>>> print(open('query-v8.txt').read())   # compact mmCIF, C-alpha atoms and all ligand atoms
# COMPACT_ATOMS: atom_id res chain seq x y z
CA MET I 1 275.34 -19.07 121.99
CA ILE I 2 273.36 -16.19 120.61
CA PHE I 3 274.74 -13.39 118.45
CA VAL I 4 273.43 -9.92 119.29
CA THR I 5 274.11 -6.84 117.16
CA GLY I 6 273.86 -3.36 118.69
CA GLY I 7 274.02 -4.76 122.21
CA ALA I 8 275.66 -1.61 123.59
CA GLY I 9 272.69 0.58 122.64
CA PHE I 10 269.60 1.30 124.68
CA ILE I 11 267.41 -1.74 123.94
CA GLY I 12 270.28 -4.07 123.05
CA SER I 13 272.06 -3.53 126.36
CA ASN I 14 268.84 -4.00 128.32
CA PHE I 15 268.34 -7.21 126.34
CA VAL I 16 271.86 -8.50 127.04
CA LEU I 17 271.50 -7.74 130.76
CA GLN I 18 268.10 -9.45 130.93
CA TRP I 19 269.37 -12.42 128.93
CA CYS I 20 272.33 -12.93 131.27
CA ARG I 21 270.06 -12.67 134.33
CA ASN I 22 267.68 -15.29 132.96
CA THR I 23 269.84 -17.82 131.09
CA ASP I 24 273.32 -19.35 131.14
CA GLU I 25 273.76 -19.03 127.40
CA THR I 26 276.67 -16.94 126.13
CA VAL I 27 276.07 -13.71 124.20
CA LEU I 28 278.34 -12.55 121.42
CA ASN I 29 277.76 -8.81 121.18
CA LEU I 30 278.85 -6.95 118.02
CA ASP I 31 278.53 -3.19 118.21
CA ALA I 32 280.28 -0.39 116.33
CA LEU I 33 280.05 1.90 119.39
CA THR I 34 278.64 4.86 117.51
CA TYR I 35 277.63 7.84 119.66
CA ALA I 36 274.64 5.70 120.79
CA GLY I 37 276.68 2.70 121.91
CA ASN I 38 277.82 2.80 125.50
CA LEU I 39 279.62 -0.11 127.10
CA ALA I 40 279.12 1.48 130.51
CA ASN I 41 275.58 0.05 130.19
CA LEU I 42 277.15 -3.40 130.44
CA GLN I 43 279.56 -2.62 133.26
CA SER I 44 277.93 -5.23 135.50
CA LEU I 45 278.98 -7.93 133.01
CA GLU I 46 282.59 -6.82 132.91
CA GLN I 47 283.83 -9.91 134.77
CA SER I 48 281.33 -12.29 133.19
CA SER I 49 282.46 -14.86 130.63
CA GLN I 50 278.82 -15.04 129.48
CA HIS I 51 279.23 -11.77 127.57
CA ARG I 52 281.75 -11.45 124.74
CA PHE I 53 282.02 -8.03 123.20
CA VAL I 54 283.42 -7.28 119.75
CA GLN I 55 283.67 -3.73 118.47
CA GLY I 56 282.84 -3.78 114.77
CA ASP I 57 280.46 -2.77 112.03
CA ILE I 58 277.59 -4.90 110.72
CA ARG I 59 278.60 -3.78 107.22
CA ASP I 60 281.95 -5.58 107.58
CA SER I 61 281.27 -8.83 105.72
CA GLU I 62 284.68 -10.35 106.49
CA LEU I 63 284.28 -9.76 110.19
CA LEU I 64 280.77 -11.20 110.11
CA ALA I 65 281.91 -14.37 108.31
CA ARG I 66 284.68 -14.84 110.86
CA LEU I 67 282.34 -14.33 113.82
CA PHE I 68 279.80 -16.85 112.48
CA ALA I 69 282.53 -19.41 111.76
CA GLU I 70 284.23 -18.99 115.15
CA HIS I 71 281.22 -18.73 117.42
CA LYS I 72 278.58 -20.84 115.64
CA PRO I 73 275.55 -19.02 117.08
CA ARG I 74 272.16 -20.71 117.16
CA ALA I 75 270.44 -17.35 116.64
CA VAL I 76 271.03 -13.75 115.59
CA LEU I 77 269.21 -10.94 117.39
CA HIS I 78 269.59 -7.86 115.25
CA PHE I 79 269.24 -4.59 117.19
CA ALA I 80 272.01 -2.52 115.57
CA ALA I 81 270.63 0.52 113.79
CA GLU I 82 270.70 4.24 113.48
CA SER I 83 267.59 4.95 115.53
CA HIS I 84 266.90 8.65 115.98
CA VAL I 85 264.31 10.26 113.65
CA ASP I 86 265.69 13.80 114.11
CA ARG I 87 269.19 12.66 113.13
CA SER I 88 267.74 10.93 110.05
CA ILE I 89 266.24 14.23 108.94
CA ILE I 90 269.59 16.00 109.21
CA GLY I 91 271.74 13.16 107.84
CA PRO I 92 269.84 10.29 106.21
CA GLU I 93 272.83 8.54 104.63
CA ALA I 94 274.04 6.80 107.79
CA PHE I 95 270.53 5.36 108.11
CA VAL I 96 270.61 3.79 104.68
CA GLU I 97 274.15 2.54 105.32
CA THR I 98 273.51 0.84 108.65
CA ASN I 99 269.83 -0.01 108.50
CA VAL I 100 269.62 -1.14 104.88
CA VAL I 101 273.15 -2.05 103.75
CA GLY I 102 274.17 -3.29 107.22
CA THR I 103 271.10 -5.50 107.55
CA PHE I 104 271.68 -6.83 104.04
CA ARG I 105 275.29 -7.77 104.83
CA LEU I 106 274.25 -9.39 108.08
CA LEU I 107 271.58 -11.39 106.28
CA GLU I 108 274.08 -12.51 103.66
CA ALA I 109 276.61 -13.61 106.29
CA ALA I 110 273.87 -15.39 108.23
CA ARG I 111 272.63 -17.12 105.09
CA ALA I 112 276.10 -18.41 104.16
CA TYR I 113 276.56 -19.75 107.69
CA TRP I 114 273.05 -21.20 107.88
CA ASN I 115 273.49 -22.99 104.54
CA GLY I 116 276.47 -24.84 105.94
CA LEU I 117 274.69 -26.11 109.07
CA GLU I 118 273.57 -29.71 109.64
CA ALA I 119 269.85 -30.26 109.03
CA ALA I 120 268.79 -30.12 112.71
CA ASP I 121 270.83 -26.95 113.43
CA LYS I 122 269.60 -25.42 110.21
CA ALA I 123 265.99 -25.96 111.24
CA ALA I 124 266.60 -24.62 114.76
CA PHE I 125 268.48 -21.49 113.63
CA ARG I 126 266.68 -18.12 113.98
CA PHE I 127 267.37 -14.61 112.68
CA LEU I 128 265.31 -12.19 114.75
CA HIS I 129 265.08 -8.69 113.33
CA VAL I 130 264.09 -5.90 115.72
CA SER I 131 262.06 -3.24 113.94
CA THR I 132 259.68 -0.42 114.66
CA ASP I 133 256.01 0.52 114.41
CA GLU I 134 257.12 3.62 112.48
CA VAL I 135 257.24 1.54 109.25
CA TYR I 136 253.43 1.67 109.22
CA GLY I 137 253.32 5.47 108.95
CA THR I 138 250.94 7.66 110.89
CA LEU I 139 247.38 7.18 112.24
CA GLY I 140 244.40 9.51 112.44
CA PRO I 141 242.72 9.94 115.84
CA ASN I 142 240.07 7.26 115.18
CA ASP I 143 242.06 4.78 113.09
CA PRO I 144 242.52 1.29 114.49
CA ALA I 145 245.98 0.53 115.89
CA PHE I 146 248.69 -0.94 113.63
CA SER I 147 248.40 -4.69 113.18
CA GLU I 148 250.81 -7.06 111.47
CA THR I 149 248.81 -6.67 108.24
CA THR I 150 248.78 -2.86 108.15
CA PRO I 151 250.42 -1.75 104.86
CA TYR I 152 253.83 -0.13 105.14
CA ALA I 153 253.90 3.67 104.68
CA PRO I 154 257.11 4.98 106.27
CA ASN I 155 257.38 8.77 106.45
CA SER I 156 260.87 9.61 107.74
CA PRO I 157 264.27 8.56 106.41
CA TYR I 158 264.60 6.52 109.62
CA SER I 159 261.36 4.62 109.16
CA ALA I 160 261.96 4.20 105.42
CA SER I 161 265.35 2.65 106.12
CA LYS I 162 263.84 0.33 108.74
CA ALA I 163 261.07 -0.61 106.28
CA GLY I 164 263.78 -1.44 103.71
CA SER I 165 265.47 -3.73 106.21
CA ASP I 166 262.15 -5.41 107.10
CA HIS I 167 261.51 -6.13 103.43
CA LEU I 168 264.94 -7.70 103.00
CA VAL I 169 264.40 -9.90 106.05
CA ARG I 170 261.02 -10.98 104.71
CA ALA I 171 262.54 -11.76 101.29
CA TYR I 172 265.23 -13.98 102.84
CA HIS I 173 262.48 -16.15 104.26
CA HIS I 174 260.37 -16.17 101.12
CA THR I 175 263.25 -16.74 98.70
CA TYR I 176 265.80 -18.76 100.66
CA GLY I 177 263.62 -20.24 103.40
CA MET I 178 265.74 -18.65 106.11
CA PRO I 179 264.02 -18.95 109.52
CA VAL I 180 263.54 -15.26 110.21
CA LEU I 181 261.33 -13.48 112.73
CA THR I 182 260.51 -9.77 112.77
CA THR I 183 259.23 -7.75 115.70
CA ASN I 184 257.78 -4.25 115.22
CA CYS I 185 257.61 -2.43 118.51
CA SER I 186 256.40 0.93 119.72
CA ASN I 187 258.42 3.61 121.54
CA ASN I 188 260.52 2.11 124.32
CA TYR I 189 261.53 3.85 127.52
CA GLY I 190 263.50 2.84 130.60
CA PRO I 191 267.10 2.64 131.92
CA TYR I 192 270.09 3.44 129.67
CA HIS I 193 268.00 5.46 127.20
CA PHE I 194 270.23 7.97 125.44
CA PRO I 195 269.16 11.50 126.41
CA GLU I 196 268.41 12.67 122.89
CA LYS I 197 265.06 10.84 123.00
CA LEU I 198 261.96 12.41 124.55
CA ILE I 199 261.74 10.88 128.03
CA PRO I 200 265.41 10.87 129.10
CA LEU I 201 265.91 14.31 127.52
CA MET I 202 263.09 15.74 129.62
CA ILE I 203 264.45 14.20 132.83
CA VAL I 204 267.99 15.36 132.20
CA ASN I 205 267.03 18.87 131.07
CA ALA I 206 264.59 19.38 133.95
CA LEU I 207 267.20 18.49 136.56
CA ALA I 208 269.58 20.97 134.90
CA GLY I 209 266.96 23.75 134.75
CA LYS I 210 267.07 23.69 130.95
CA PRO I 211 264.01 24.21 128.70
CA LEU I 212 261.88 21.15 127.94
CA PRO I 213 261.40 21.37 124.15
CA VAL I 214 257.97 20.15 123.08
CA TYR I 215 257.62 19.91 119.29
CA GLY I 216 254.59 21.63 117.70
CA ASP I 217 251.43 21.40 119.81
CA GLY I 218 252.65 18.42 121.86
CA GLN I 219 249.53 16.44 120.93
CA GLN I 220 251.39 13.76 118.94
CA ILE I 221 250.67 10.32 120.33
CA ARG I 222 253.08 7.46 120.94
CA ASP I 223 252.38 4.03 122.46
CA TRP I 224 254.95 3.62 125.24
CA LEU I 225 256.54 0.26 126.02
CA TYR I 226 258.79 -0.36 129.02
CA VAL I 227 262.09 -1.69 127.69
CA GLU I 228 262.16 -4.73 130.01
CA ASP I 229 258.77 -5.76 128.65
CA HIS I 230 260.07 -5.40 125.12
CA CYS I 231 263.11 -7.55 125.90
CA ALA I 232 260.88 -10.23 127.44
CA ALA I 233 258.74 -10.18 124.28
CA ILE I 234 261.82 -10.68 122.11
CA ARG I 235 262.90 -13.65 124.22
CA ARG I 236 259.44 -15.14 123.84
CA VAL I 237 259.39 -14.61 120.06
CA LEU I 238 262.85 -16.17 119.78
CA GLU I 239 261.68 -19.16 121.77
CA ALA I 240 258.30 -19.78 120.20
CA GLY I 241 257.74 -17.46 117.21
CA LYS I 242 256.91 -19.06 113.88
CA PRO I 243 259.61 -18.51 111.22
CA GLY I 244 258.54 -16.02 108.58
CA GLU I 245 256.05 -14.32 110.92
CA THR I 246 256.07 -10.76 112.21
CA TYR I 247 254.90 -9.78 115.70
CA ASN I 248 253.86 -6.33 116.88
CA VAL I 249 254.99 -5.42 120.39
CA GLY I 250 253.28 -2.58 122.24
CA GLY I 251 252.56 -1.37 125.72
CA TRP I 252 248.87 -0.45 125.36
CA ASN I 253 249.89 3.03 126.52
CA GLU I 254 248.87 5.70 124.05
CA LYS I 255 249.87 9.08 125.44
CA ALA I 256 250.25 12.57 123.97
CA ASN I 257 253.79 13.95 124.24
CA ILE I 258 252.72 16.84 126.46
CA GLU I 259 251.15 14.37 128.88
CA ILE I 260 254.45 12.46 129.01
CA VAL I 261 256.37 15.65 129.74
CA GLN I 262 253.90 16.67 132.43
CA THR I 263 254.08 13.23 134.04
CA VAL I 264 257.88 13.36 134.13
CA CYS I 265 257.73 16.85 135.69
CA ALA I 266 255.22 15.72 138.33
CA LEU I 267 257.35 12.71 139.27
CA LEU I 268 260.44 14.89 139.55
CA ASP I 269 258.48 17.38 141.70
CA GLU I 270 257.71 14.47 144.00
CA LEU I 271 261.04 12.61 143.98
CA ALA I 272 263.57 15.43 143.49
CA PRO I 273 261.89 18.77 144.23
CA ALA I 274 263.53 21.72 142.45
CA SER I 275 263.50 23.75 145.67
CA GLU I 276 265.48 21.10 147.56
CA ARG I 277 268.00 20.74 144.73
CA ASN I 278 268.25 24.52 144.22
CA VAL I 279 267.36 24.24 140.54
CA SER I 280 266.95 27.56 138.73
CA ASP I 281 265.52 28.27 135.32
CA SER I 282 268.63 28.50 133.12
CA ARG I 283 266.95 31.16 130.95
CA SER I 284 266.13 33.63 133.71
CA GLY I 285 268.13 32.46 136.71
CA THR I 286 264.89 32.41 138.76
CA PRO I 287 264.59 29.54 141.26
CA LEU I 288 262.10 26.92 140.05
CA ALA I 289 259.02 26.00 142.02
CA ARG I 290 257.88 23.27 139.62
CA TYR I 291 259.66 21.58 136.74
CA ASP I 292 256.81 22.17 134.28
CA GLU I 293 257.75 25.88 134.30
CA LEU I 294 260.52 24.75 131.92
CA ILE I 295 258.13 23.48 129.21
CA SER I 296 258.85 25.30 125.98
CA TYR I 297 256.91 24.76 122.74
CA VAL I 298 259.32 24.74 119.78
CA THR I 299 259.08 24.39 115.99
CA ASP I 300 257.63 21.05 114.96
CA ARG I 301 259.70 18.24 113.43
CA PRO I 302 259.32 18.18 109.61
CA GLY I 303 256.96 15.39 108.51
CA HIS I 304 256.15 14.61 112.15
CA ASP I 305 253.94 11.51 112.45
CA ARG I 306 250.85 12.35 114.46
CA ARG I 307 249.95 9.07 116.10
CA TYR I 308 251.35 5.57 116.55
CA ALA I 309 249.45 2.78 118.27
CA ILE I 310 250.19 -0.94 118.33
CA ASP I 311 247.71 -3.77 118.35
CA ALA I 312 249.74 -6.40 120.22
CA ARG I 313 247.00 -9.03 120.37
CA LYS I 314 248.71 -11.51 118.05
CA LEU I 315 251.68 -11.80 120.40
CA GLU I 316 249.37 -12.30 123.36
CA ARG I 317 247.09 -14.77 121.57
CA GLU I 318 249.76 -16.89 119.90
CA LEU I 319 252.71 -16.66 122.27
CA GLY I 320 251.12 -15.60 125.56
CA TRP I 321 253.12 -12.37 125.98
CA LYS I 322 251.74 -9.18 127.43
CA PRO I 323 253.47 -6.27 129.13
CA ALA I 324 254.02 -6.49 132.88
CA GLU I 325 254.32 -2.72 133.43
CA THR I 326 251.64 -0.09 133.18
CA PHE I 327 252.82 3.35 132.10
CA GLU I 328 252.48 4.58 135.69
CA THR I 329 254.77 1.87 137.10
CA GLY I 330 257.23 2.01 134.21
CA ILE I 331 257.69 5.77 134.16
CA ARG I 332 258.18 5.89 137.93
CA LYS I 333 260.90 3.22 137.69
CA THR I 334 262.50 5.14 134.84
CA VAL I 335 262.61 8.48 136.65
CA GLN I 336 263.95 6.72 139.75
CA TRP I 337 266.63 5.02 137.66
CA TYR I 338 267.82 8.34 136.20
CA LEU I 339 267.91 9.92 139.64
CA ALA I 340 269.94 7.01 141.00
CA ASN I 341 272.31 6.96 138.02
CA GLN I 342 273.40 10.55 137.67
CA GLU I 343 276.97 9.42 137.05
CA TRP I 344 275.87 7.47 133.97
CA VAL I 345 274.02 10.56 132.73
CA ALA I 346 277.01 12.84 133.39
CA GLY I 347 279.29 10.44 131.52
CA VAL I 348 277.00 10.49 128.50
CA LEU I 349 276.58 14.25 128.55
CA ASP I 350 280.27 15.11 128.76
CA GLY I 351 281.29 12.28 126.44
CA SER I 352 283.57 10.78 129.08
CA TYR I 353 281.89 7.38 128.69
CA ARG I 354 284.02 7.03 125.60
CA ASP I 355 287.28 7.49 127.56
CA TRP I 356 285.96 5.18 130.24
CA VAL I 357 285.24 2.51 127.66
CA GLN I 358 288.74 2.84 126.28
CA THR I 359 290.28 2.43 129.73
CA GLN I 360 288.01 -0.37 130.86
CA TYR I 361 287.57 -2.30 127.66
CA GLY I 362 290.45 -1.21 125.44
CA ALA I 363 291.97 -4.68 125.47
CA LYS I 364 288.69 -6.51 125.00
CA ALA I 365 287.13 -4.25 122.39
P1 LIG P 401 270.28 2.85 119.91
O1 LIG P 401 270.52 3.94 118.92
O2 LIG P 401 270.23 3.17 121.36
O3 LIG P 401 271.42 1.72 119.74
C1 LIG P 401 271.85 1.27 118.50
C2 LIG P 401 273.15 0.50 118.69
O4 LIG P 401 273.58 0.03 117.42
C3 LIG P 401 274.28 1.35 119.28
O5 LIG P 401 274.92 0.64 120.32
C4 LIG P 401 275.21 1.56 118.10
O6 LIG P 401 276.58 1.69 118.48
C5 LIG P 401 274.97 0.30 117.28
N1 LIG P 401 275.27 0.50 115.85
C6 LIG P 401 274.84 1.53 115.05
N2 LIG P 401 275.34 1.37 113.81
C7 LIG P 401 276.04 0.20 113.81
C8 LIG P 401 276.76 -0.53 112.83
N3 LIG P 401 276.85 -0.06 111.56
N4 LIG P 401 277.35 -1.68 113.17
C9 LIG P 401 277.27 -2.16 114.44
N5 LIG P 401 276.61 -1.51 115.43
C10 LIG P 401 276.00 -0.35 115.11
O7 LIG P 401 268.96 2.13 119.43
P2 LIG P 401 267.84 1.40 120.31
O8 LIG P 401 266.88 2.41 120.76
O9 LIG P 401 268.50 0.50 121.28
O10 LIG P 401 267.13 0.54 119.17
C11 LIG P 401 267.49 -0.83 118.93
C12 LIG P 401 266.66 -1.34 117.77
O11 LIG P 401 265.27 -1.24 118.11
C13 LIG P 401 266.83 -0.55 116.47
O12 LIG P 401 266.84 -1.46 115.41
C14 LIG P 401 265.63 0.35 116.42
O13 LIG P 401 265.26 0.64 115.09
C15 LIG P 401 264.58 -0.51 117.10
N6 LIG P 401 263.50 0.24 117.77
C16 LIG P 401 263.77 1.13 118.76
C17 LIG P 401 262.72 1.79 119.40
C18 LIG P 401 262.96 2.75 120.54
O14 LIG P 401 261.97 3.28 121.08
N7 LIG P 401 264.18 2.99 120.99
C19 LIG P 401 261.41 1.58 119.00
C20 LIG P 401 261.18 0.68 117.96
C21 LIG P 401 262.23 0.00 117.37
P1 LIG P 402 261.53 10.39 120.04
O1 LIG P 402 261.89 10.01 121.44
O2 LIG P 402 262.57 11.06 119.21
O3 LIG P 402 260.97 9.06 119.34
P2 LIG P 402 260.23 8.87 117.89
O4 LIG P 402 260.43 10.09 117.08
O5 LIG P 402 260.95 7.69 117.34
O6 LIG P 402 258.77 8.61 118.22
O7 LIG P 402 260.25 11.33 120.10
C1 LIG P 402 259.06 10.91 120.72
C2 LIG P 402 258.04 12.00 120.47
O8 LIG P 402 258.44 13.17 121.20
C3 LIG P 402 257.95 12.43 119.02
O9 LIG P 402 256.58 12.73 118.73
C4 LIG P 402 258.79 13.69 118.95
C5 LIG P 402 258.61 14.29 120.33
N1 LIG P 402 259.76 15.05 120.85
C6 LIG P 402 259.57 16.33 121.37
O10 LIG P 402 258.43 16.87 121.40
N2 LIG P 402 260.64 17.01 121.86
C7 LIG P 402 261.90 16.47 121.84
O11 LIG P 402 262.86 17.16 122.27
C8 LIG P 402 262.09 15.15 121.32
C9 LIG P 402 263.46 14.51 121.28
C10 LIG P 402 260.98 14.48 120.84
>>> encode(input="query-v8.txt", output="structure tokens")
Amino acid sequence: MIFVTGGAGFIGSNFVLQWCRNTDETVLNLDALTYAGNLANLQSLEQSSQHRFVQGDIRDSELLARLFAEHKPRAVLHFAAESHVDRSIIGPEAFVETNVVGTFRLLEAARAYWNGLEAADKAAFRFLHVSTDEVYGTLGPNDPAFSETTPYAPNSPYSASKAGSDHLVRAYHHTYGMPVLTTNCSNNYGPYHFPEKLIPLMIVNALAGKPLPVYGDGQQIRDWLYVEDHCAAIRRVLEAGKPGETYNVGGWNEKANIEIVQTVCALLDELAPASERNVSDSRSGTPLARYDELISYVTDRPGHDRRYAIDARKLERELGWKPAETFETGIRKTVQWYLANQEWVAGVLDGSYRDWVQTQYGAKA
């Protein structure tokens, strides 16, 4: 079996769902269910014995030792993290706790377990660490995209804590020979994305007639990766990646934030016109003709990185992975998913997903 951490979050839950669709191998899923963890994402696996959920913290060394001993995973896929830059600016401590200390404890538990394995299992074991392109810092308009050899220069407490975890993972290979793999990916988007992040926030706010807050001049660039493509890349790296190596994962989709917001608005105008849904501007009460009337430029994020771009050629060249979605296909699927899953959105917004989890999973969690 494989051992996933953070499998109730955005990318982790997409990964678990994709894994269970494509393999028969069991997934042990450890997640603390912070505000970002939502077991409703995994509702379709409720009756499946392929998915075993444990509510717990990656900093809990005793729990980790017990889970390794009981379940004997062949691999760890480490998604659990505090992941939102804005939250890291307001409260950085949780980021150091989970991303640095939590990763350290997970590495220690994995190392103790790995040391006790038979030679063949020891060689086959993998610890795959899911990280971010934000560890590389920010790019100027004409700089080449981040490659695996770009020096680290994290700028936010979030990216600094992820960089710390990457360094620990690297050291466990260099010092102890642990078969680790690290992936550094760009901004993901797609189903089950928590609506505090740019794309889901814009969809959810637009449908509610609320302002669409664009930070600063909206010209910051991100390289958008459809989450299913990211999950496929992780499966490929797990299968064929070389221990000790890092792989950048990107979508070849550099877009300015304002362009993203305008694209979301245009898709909503097409798929869910404001006039048909009787959406009014919450500020003025005036009926909306187009969703982009809600765009509102707000104060910029402190230390806001200007541009991220990923050079994903190593992954394509060495492991044959490239994204299946273009931005146009991926964003359309995403907007359609949010429109078709308004109940999921409502549950997240009013917090009732927590009660639902308790009722549905109380005994299992
Ligand atoms: P997320 O915030 O949606 O989910 C994180 C999950 O981890 C949640 O389910 C949460 O409950 C769990 N968690 C948090 N602290 C924990 C702890 N101490 N113990 C156990 N579980 C804990 O994050 P995401 O967007 O799914 O990101 C997954 C990983 O991918 C993270 O490591 C993140 O740094 C990385 N990443 C994300 C993006 C992106 O665009 N979302 C981009 C690059 C890298
Ligand atoms: P976000 O989704 O928070 O991801 P990250 O900060 O990890 O890249 O933000 C994506 C971009 O969108 C980033 O440049 C900040 C910007 N942004 C806004 O302009 N308005 C918003 O309300 C949010 C949440 C983000």
>>> residues_near_ligand(input="query-v8.txt", ligand="ligand LIG 402 (chain P)", cutoff="9 Å", atoms="all atoms listed in the file", output="PDB file with C-alpha atoms, keeping the file's coordinate frame")
ATOM      1  CA  SER I  83     267.590   4.950 115.530  1.00  0.00           C
ATOM      2  CA  HIS I  84     266.900   8.650 115.980  1.00  0.00           C
ATOM      3  CA  VAL I  85     264.310  10.260 113.650  1.00  0.00           C
ATOM      4  CA  ASP I  86     265.690  13.800 114.110  1.00  0.00           C
ATOM      5  CA  THR I 132     259.680  -0.420 114.660  1.00  0.00           C
ATOM      6  CA  GLU I 134     257.120   3.620 112.480  1.00  0.00           C
ATOM      7  CA  TYR I 158     264.600   6.520 109.620  1.00  0.00           C
ATOM      8  CA  SER I 159     261.360   4.620 109.160  1.00  0.00           C
ATOM      9  CA  SER I 186     256.400   0.930 119.720  1.00  0.00           C
ATOM     10  CA  ASN I 187     258.420   3.610 121.540  1.00  0.00           C
ATOM     11  CA  ASN I 188     260.520   2.110 124.320  1.00  0.00           C
ATOM     12  CA  TYR I 189     261.530   3.850 127.520  1.00  0.00           C
ATOM     13  CA  PRO I 195     269.160  11.500 126.410  1.00  0.00           C
ATOM     14  CA  GLU I 196     268.410  12.670 122.890  1.00  0.00           C
ATOM     15  CA  LYS I 197     265.060  10.840 123.000  1.00  0.00           C
ATOM     16  CA  LEU I 198     261.960  12.410 124.550  1.00  0.00           C
ATOM     17  CA  ILE I 199     261.740  10.880 128.030  1.00  0.00           C
ATOM     18  CA  PRO I 200     265.410  10.870 129.100  1.00  0.00           C
ATOM     19  CA  LEU I 201     265.910  14.310 127.520  1.00  0.00           C
ATOM     20  CA  MET I 202     263.090  15.740 129.620  1.00  0.00           C
ATOM     21  CA  LEU I 212     261.880  21.150 127.940  1.00  0.00           C
ATOM     22  CA  PRO I 213     261.400  21.370 124.150  1.00  0.00           C
ATOM     23  CA  VAL I 214     257.970  20.150 123.080  1.00  0.00           C
ATOM     24  CA  TYR I 215     257.620  19.910 119.290  1.00  0.00           C
ATOM     25  CA  GLY I 216     254.590  21.630 117.700  1.00  0.00           C
ATOM     26  CA  ASP I 217     251.430  21.400 119.810  1.00  0.00           C
ATOM     27  CA  GLY I 218     252.650  18.420 121.860  1.00  0.00           C
ATOM     28  CA  GLN I 219     249.530  16.440 120.930  1.00  0.00           C
ATOM     29  CA  GLN I 220     251.390  13.760 118.940  1.00  0.00           C
ATOM     30  CA  ILE I 221     250.670  10.320 120.330  1.00  0.00           C
ATOM     31  CA  ARG I 222     253.080   7.460 120.940  1.00  0.00           C
ATOM     32  CA  ASP I 223     252.380   4.030 122.460  1.00  0.00           C
ATOM     33  CA  ALA I 256     250.250  12.570 123.970  1.00  0.00           C
ATOM     34  CA  ASN I 257     253.790  13.950 124.240  1.00  0.00           C
ATOM     35  CA  ILE I 258     252.720  16.840 126.460  1.00  0.00           C
ATOM     36  CA  ILE I 260     254.450  12.460 129.010  1.00  0.00           C
ATOM     37  CA  VAL I 261     256.370  15.650 129.740  1.00  0.00           C
ATOM     38  CA  TYR I 297     256.910  24.760 122.740  1.00  0.00           C
ATOM     39  CA  VAL I 298     259.320  24.740 119.780  1.00  0.00           C
ATOM     40  CA  ASP I 300     257.630  21.050 114.960  1.00  0.00           C
ATOM     41  CA  ARG I 301     259.700  18.240 113.430  1.00  0.00           C
ATOM     42  CA  HIS I 304     256.150  14.610 112.150  1.00  0.00           C
ATOM     43  CA  ASP I 305     253.940  11.510 112.450  1.00  0.00           C
ATOM     44  CA  ARG I 306     250.850  12.350 114.460  1.00  0.00           C
ATOM     45  CA  ARG I 307     249.950   9.070 116.100  1.00  0.00           C
ATOM     46  CA  TYR I 308     251.350   5.570 116.550  1.00  0.00           C
TER      47      TYR I 308
END
>>> closest_residue(input="query-v8.txt", among="I:Pro243, I:Ala124, I:Ala272, I:Pro141", to="His174 of chain I", atoms="all atoms listed in the file")
I:Pro243
>>> residues_around(input="query-v8.txt", residues="Ala109 of chain I", least_positions_apart="2", cutoff="10 Å", atoms="only C-alpha atoms", output="list in words")
Ile58, Asp60, Ser61, Glu62, Leu63, Leu64, Ala65, Arg66, Leu67, Phe68, Ala69, Thr103, Phe104, Arg105, Leu106, Leu107, Arg111, Ala112, Tyr113 and Trp114 of chain I
>>> residues_around(input="query-v8.txt", residues="Asp292 of chain I", least_positions_apart="6", cutoff="12 Å", atoms="only C-alpha atoms", output="list in words")
Met202, Ile203, Asn205, Ala206, Leu207, Gly209, Lys210, Pro211, Leu212, Pro213, Val214, Ile258, Glu259, Ile260, Val261, Gln262, Thr263, Val264, Cys265, Ala266, Leu267, Leu268, Asp269, Pro273, Ala274 and Asp281 of chain I
>>> atom_distance(input="query-v8.txt", atom1="atom CA of Ser284 of chain I", atom2="atom CA of Val204 of chain I")
18.4 Å
>>> closest_residue(input="query-v8.txt", among="I:Asn99, I:Glu118, I:Asp350, I:Cys231", to="Leu168 of chain I", atoms="all atoms listed in the file")
I:Asn99
>>> atom_distance(input="query-v8.txt", atom1="atom CA of Val76 of chain I", atom2="atom CA of Leu128 of chain I")
6.0 Å
>>> axis_aligned_box(input="query-v8.txt", around="segment 192-208 of chain I", padding_each_side="5 Å", output="AutoDock Vina command-line options")
--center_x 266.0 --center_y 12.2 --center_z 129.7 --size_x 18.5 --size_y 27.5 --size_z 23.7
>>> closest_residue(input="query-v8.txt", among="I:Glu97, I:Arg283, I:Gly251, I:Tyr152", to="Glu228 of chain I", atoms="all atoms listed in the file")
I:Gly251
>>> residues_around(input="query-v8.txt", residues="Asn253 of chain I", least_positions_apart="2", cutoff="9 Å", atoms="all atoms listed in the file", output="ChimeraX atom specification")
/I:222-225,250-251,255,309,326-327
>>> atom_distance(input="query-v8.txt", atom1="atom CA of Val237 of chain I", atom2="atom CA of Val135 of chain I")
19.6 Å
>>> residues_around(input="query-v8.txt", residues="Ser275 of chain I", least_positions_apart="4", cutoff="8 Å", atoms="only C-alpha atoms", output="list of chain:residue names")
I:Val279, I:Pro287, I:Leu288, I:Ala289
>>> residues_around(input="query-v8.txt", residues="Ile2 of chain I", least_positions_apart="4", cutoff="10 Å", atoms="only C-alpha atoms", output="ChimeraX atom specification")
/I:19,25-29,71-77,126
>>> closest_residue(input="query-v8.txt", among="I:Val101, I:Gly190, I:Arg52, I:Ser280", to="Gln336 of chain I", atoms="all atoms listed in the file")
I:Gly190
>>> closest_residue(input="query-v8.txt", among="I:Gly241, I:Pro302, I:Ala312, I:Ser161", to="Ala94 of chain I", atoms="all atoms listed in the file")
I:Ser161
